[in-house]
Amino acid sequence: MINVTLKGGVVKEFDAGITAMEIAKSLGMGLYKAACVCRIDGVVQDLRTPLTADCALEILTAEDPEGLRALRHTASHVLAQAVKRLYPQTKLAIGPAIDSGFYYDFDTDVAFTPEELEKIEAEMKKIVKEALPLERHELDPADAIAYMEEKDEIYKVELIKEHADKGEKISFFKQGEFDELCAGPHVPDTSRVKAFKLTSATGAYWRGDSSNKMLQRIYGTAFTKKDDLDAHLAALEEAKKRDHNKIGRELEYFTTVDIIGQGLPIILPKGARTIQVLQRWIEDLERSKGYLLTKTPFMAKRELYKLSGHWDHYRDGMFILGDPDDEEKECFALRPMTCPFQYQVFLNRARSYRELPMRLGETSTLFRNEDSGEMHGLIRVRQFTISEGHLVLRPEQLEEEFKGCLELAKYVLDTVGLLDKCTFRFSQWDPANPKNKYEGTKEQWEQAQSTMGRILDHLGVDYTIGIDEAAFYGPKLDIQYKNVYGKEDTLVTIQIDMLLAAIYGMEYVDADGQKKTPYIIHRTSLGCYERTLAYLIEEYAGALPTWMAPEQVRFLPVTDRAADYCADLAAKLNAQNFRAEVDYRNEKIGRKIRDAQIEKVPFMLVVGDREMENGTVSPRHRADGDLGAMTFDAFTALLKDIVDTKAKK
């Protein structure tokens, strides 16, 4: 007999070898039918795992993240089985669960059109009705390779070979005639995938590498309840309406041109104006926090990057001018980050401890050679501008300056309206593979990470841990944000660096007259302006708050006689640094109002003969509607209050 600790600390005795599924059934048919996977002593496992010793057991349903993930992973297997039934010559790549559902990559000549997706969905429904059990089995690496070679599954063979040298057995999950390379876990049988939908098909390079073959990726989602699926699909439709890649183009914030290149967007006047507003605000805000403004080159010789380590760690992602392997000739590279450039400001002359902390800030244009499959609208591009900064400081100043960087970032994100949806990730190195990606010794990394951990805990930051997500020179706090489709990217980062100052020979004379090596904080306050603009467009569905809107006021003259009056008033607003325009078109006032609403202009000022006679304006807010007639001075005061307080309207 074994003792199994269940939810709530209840301990029950069972025969050794009993499975979690059998225990779930003994606890009630409702739990049994809802069960997806289990957690045994903290490890998520298949429900059919036998329990052979005392343990803690949790039965996980689709209400639990791990349970829902297993359900969706099983749905990806159902998808792959359906595709193989319909198109037997298709070769299978990978099919993981993701936050929004699942996907599977296929190598096939069949174009997965909407009509084809309907056929695949119909076949999936048949497989679900068949209630095929998912049965795990294992093979030795050599046998697994031979098995997949016999099936001509070239991508599976490649994956198995990567693990073959470890000598571990290779696991598969079989459902009916379909046998899939997989580590699991899965739900017990296909019938539990009760509500699913294939949402789209797109291209995807094998393993995300543009040098590999382009495959076809089918996305889908799955739930145990139709109501949950319907709610998700409704949310997806709302996401499509907010997608910055759609409405950002429709509202003319940006565009892309094939002849210029992927990942190189043209920021149109509206987008450029919004970015300018944000940039000026950030620069003024940072100046008030003691930052010194710098302006450094867009490129440098390879020797600068070799010294910092970027040449070794970022070379594949850099745009290089010249032959990188010809040491006899000069070779330059566009900068992927600003740190080695800003260090030269500190190195310009000898420094005293009294000058520290030295806070250096720059609106930096950077260049990174992103894979084409990774780029999306303004969120991931090859040229971007960032509110970058580096703080050079004494070790004893580290926590206070880190706190200041975090408070500044949180204030900025709260002001623009994104903070509530942000999460925090403590990104650490991977000690199992230190030489592949990281500079420094194990001792240096342990010191940096323990120091940063103490700071984060002392500041009360609620964070998750990301292993192998650190910069090559130090750990970092990543402030994460998800776009409307649930894809997560880093918006702001704050990094602790105890390595590069010594490499660059950065020193200061301390109070005792001795030369010391400073610490460095790498940080952003708003991050990438292009990415931020994308998130703002999605957050506000294009209706940006008045203070950052490219056009704040549009005058709508009812008659030609009112046009000159509107022009004078618009000029007065523009002279006070507001952004006002006049709609001079020979259109009916209803059409002018409708167009201004569609273009998300915050305030529309309707002006006709009555307003001219009374010296008033009739403002209309895009959300609040008609505000009634008021004097121009009263409206100006209202507008000034909204802009000065950076109200989210």
# chains A, B, ... in the order shown; residues from 1 in each chain; ligands from 1

$ closest_atom_pairs --of "segment 322-380 of chain A" --to "segment 538-553 of chain A" --cutoff "12 Å" --atoms "only C-alpha atoms" --output "tab-separated table"
residue	atom	partner	partner_atom	distance
A:Gly377	CA	A:Glu538	CA	11.9
A:Leu378	CA	A:Glu538	CA	11.4
A:Ile379	CA	A:Glu538	CA	11.2

$ write_last_selection --atoms "C-alpha atoms" --output "PDB file, in the first residue's frame"
ATOM      1  CA  GLY A 377       4.078  44.725 -38.427  1.00  0.00           C
ATOM      2  CA  LEU A 378       5.770  47.134 -36.035  1.00  0.00           C
ATOM      3  CA  ILE A 379       6.294  44.622 -33.221  1.00  0.00           C
TER       4      ILE A 379
END

$ select_by_dssp --residues "segment 320-538 of chain A" --states "alpha helix (DSSP H)" --output "PyMOL selection string"
chain A and resi 339-346+398-416+434-437+442-458+500-503+529-538

$ closest_residue --among "A:Leu92, A:Ile589, A:Thr199, A:Asn348" --to "Glu237 of chain A" --atoms "only C-alpha atoms"
A:Thr199

$ residues_around --residues "segment 521-530 of chain A" --least-positions-apart "6" --cutoff "7 Å" --atoms "only C-alpha atoms" --output "number ranges by chain"
A: 275, 378-379, 384-392, 408-409, 412-413, 491-497

$ closest_residue --among "A:Asp109, A:Asp414, A:Glu446, A:Asp323" --to "Gln428 of chain A" --atoms "only C-alpha atoms"
A:Glu446

$ atom_distance --atom1 "atom CA of Leu51 of chain A" --atom2 "atom CA of Ile23 of chain A"
10.0 Å

$ residues_around --residues "segment 38-46 of chain A" --least-positions-apart "2" --cutoff "7 Å" --atoms "only C-alpha atoms" --output "list of chain:residue names"
A:Ala20, A:Arg48, A:Thr49, A:Cys55, A:Ala56, A:Leu57, A:Glu58, A:Ile59, A:Leu60, A:Pro185, A:His186

$ write_last_selection --atoms "C-alpha atoms" --output "PDB file, in the first residue's frame"
ATOM      1  CA  ALA A  20      -3.822   8.646 -11.382  1.00  0.00           C
ATOM      2  CA  ARG A  48      -1.922   6.570 -16.737  1.00  0.00           C
ATOM      3  CA  THR A  49       1.344   6.925 -14.839  1.00  0.00           C
ATOM      4  CA  CYS A  55       3.496  10.860  -3.206  1.00  0.00           C
ATOM      5  CA  ALA A  56       1.455  14.031  -3.566  1.00  0.00           C
ATOM      6  CA  LEU A  57      -1.108  13.885  -6.389  1.00  0.00           C
ATOM      7  CA  GLU A  58      -3.133  16.597  -8.107  1.00  0.00           C
ATOM      8  CA  ILE A  59      -5.695  15.806 -10.788  1.00  0.00           C
ATOM      9  CA  LEU A  60      -5.564  18.581 -13.408  1.00  0.00           C
ATOM     10  CA  PRO A 185       1.739  14.150 -21.585  1.00  0.00           C
ATOM     11  CA  HIS A 186      -1.670  13.834 -23.244  1.00  0.00           C
TER      12      HIS A 186
END

$ decode --residues "segment 314-397 of chain A" --atoms "C-alpha atoms" --output "short mmCIF file (atom, residue, chain, number, x, y, z; two decimals), in the first residue's frame"
data_model
loop_
_atom_site.label_atom_id
_atom_site.label_comp_id
_atom_site.auth_asym_id
_atom_site.auth_seq_id
_atom_site.Cartn_x
_atom_site.Cartn_y
_atom_site.Cartn_z
CA TYR A 314 25.32 38.79 -32.07
CA ARG A 315 27.25 38.58 -35.33
CA ASP A 316 24.58 36.49 -37.10
CA GLY A 317 22.00 39.14 -36.24
CA MET A 318 24.08 42.12 -37.36
CA PHE A 319 24.19 43.95 -40.69
CA ILE A 320 27.85 43.89 -41.68
CA LEU A 321 29.49 46.30 -44.14
CA GLY A 322 32.52 44.64 -45.67
CA ASP A 323 34.10 41.22 -45.41
CA PRO A 324 33.92 40.15 -41.76
CA ASP A 325 36.69 37.57 -42.24
CA ASP A 326 39.20 39.80 -44.03
CA GLU A 327 41.36 41.17 -41.23
CA GLU A 328 43.41 43.28 -43.66
CA LYS A 329 40.52 45.58 -44.53
CA GLU A 330 38.25 47.71 -42.39
CA CYS A 331 34.91 46.13 -41.66
CA PHE A 332 31.97 47.97 -40.11
CA ALA A 333 28.63 46.85 -38.71
CA LEU A 334 25.40 48.69 -37.99
CA ARG A 335 24.86 48.76 -34.25
CA PRO A 336 22.44 46.23 -32.72
CA MET A 337 22.65 48.07 -29.36
CA THR A 338 24.16 51.26 -27.98
CA CYS A 339 26.10 50.15 -24.89
CA PRO A 340 29.66 50.01 -26.32
CA PHE A 341 29.13 53.45 -27.84
CA GLN A 342 27.86 55.10 -24.68
CA TYR A 343 30.76 53.63 -22.69
CA GLN A 344 33.02 55.95 -24.69
CA VAL A 345 31.29 58.92 -23.05
CA PHE A 346 32.43 57.69 -19.64
CA LEU A 347 35.88 56.88 -21.04
CA ASN A 348 36.28 60.36 -22.54
CA ARG A 349 38.27 61.45 -19.47
CA ALA A 350 39.21 60.34 -15.98
CA ARG A 351 36.22 60.03 -13.63
CA SER A 352 35.73 60.60 -9.93
CA TYR A 353 33.32 58.77 -7.63
CA ARG A 354 31.58 62.14 -7.23
CA GLU A 355 30.39 61.90 -10.85
CA LEU A 356 28.59 58.63 -10.19
CA PRO A 357 25.99 57.56 -10.87
CA MET A 358 26.41 58.76 -14.43
CA ARG A 359 23.07 58.28 -16.18
CA LEU A 360 23.39 58.29 -19.96
CA GLY A 361 20.30 58.32 -22.18
CA GLU A 362 19.86 58.25 -25.93
CA THR A 363 17.10 57.91 -28.47
CA SER A 364 18.91 55.16 -30.36
CA THR A 365 18.22 53.78 -33.80
CA LEU A 366 19.30 50.13 -33.88
CA PHE A 367 19.54 47.43 -36.55
CA ARG A 368 19.01 43.69 -36.13
CA ASN A 369 18.83 41.14 -38.91
CA GLU A 370 15.69 39.36 -37.74
CA ASP A 371 14.53 36.18 -39.48
CA SER A 372 11.76 36.93 -41.94
CA GLY A 373 9.44 34.46 -40.20
CA GLU A 374 9.74 36.39 -36.93
CA MET A 375 8.77 39.82 -38.24
CA HIS A 376 5.27 41.20 -37.68
CA GLY A 377 4.08 44.72 -38.43
CA LEU A 378 5.77 47.13 -36.04
CA ILE A 379 6.29 44.62 -33.22
CA ARG A 380 9.42 42.98 -34.62
CA VAL A 381 11.37 44.87 -37.28
CA ARG A 382 14.92 45.18 -38.60
CA GLN A 383 15.37 48.88 -37.87
CA PHE A 384 13.88 50.41 -34.75
CA THR A 385 14.31 53.26 -32.30
CA ILE A 386 14.61 52.75 -28.56
CA SER A 387 14.77 54.84 -25.38
CA GLU A 388 18.09 53.34 -24.41
CA GLY A 389 20.21 54.21 -21.41
CA HIS A 390 23.20 53.07 -19.37
CA LEU A 391 23.93 53.96 -15.78
CA VAL A 392 27.55 53.78 -14.62
CA LEU A 393 27.64 53.55 -10.84
CA ARG A 394 29.44 52.49 -7.71
CA PRO A 395 28.49 49.00 -6.41
CA GLU A 396 26.81 50.46 -3.33
CA GLN A 397 24.52 52.52 -5.59
#
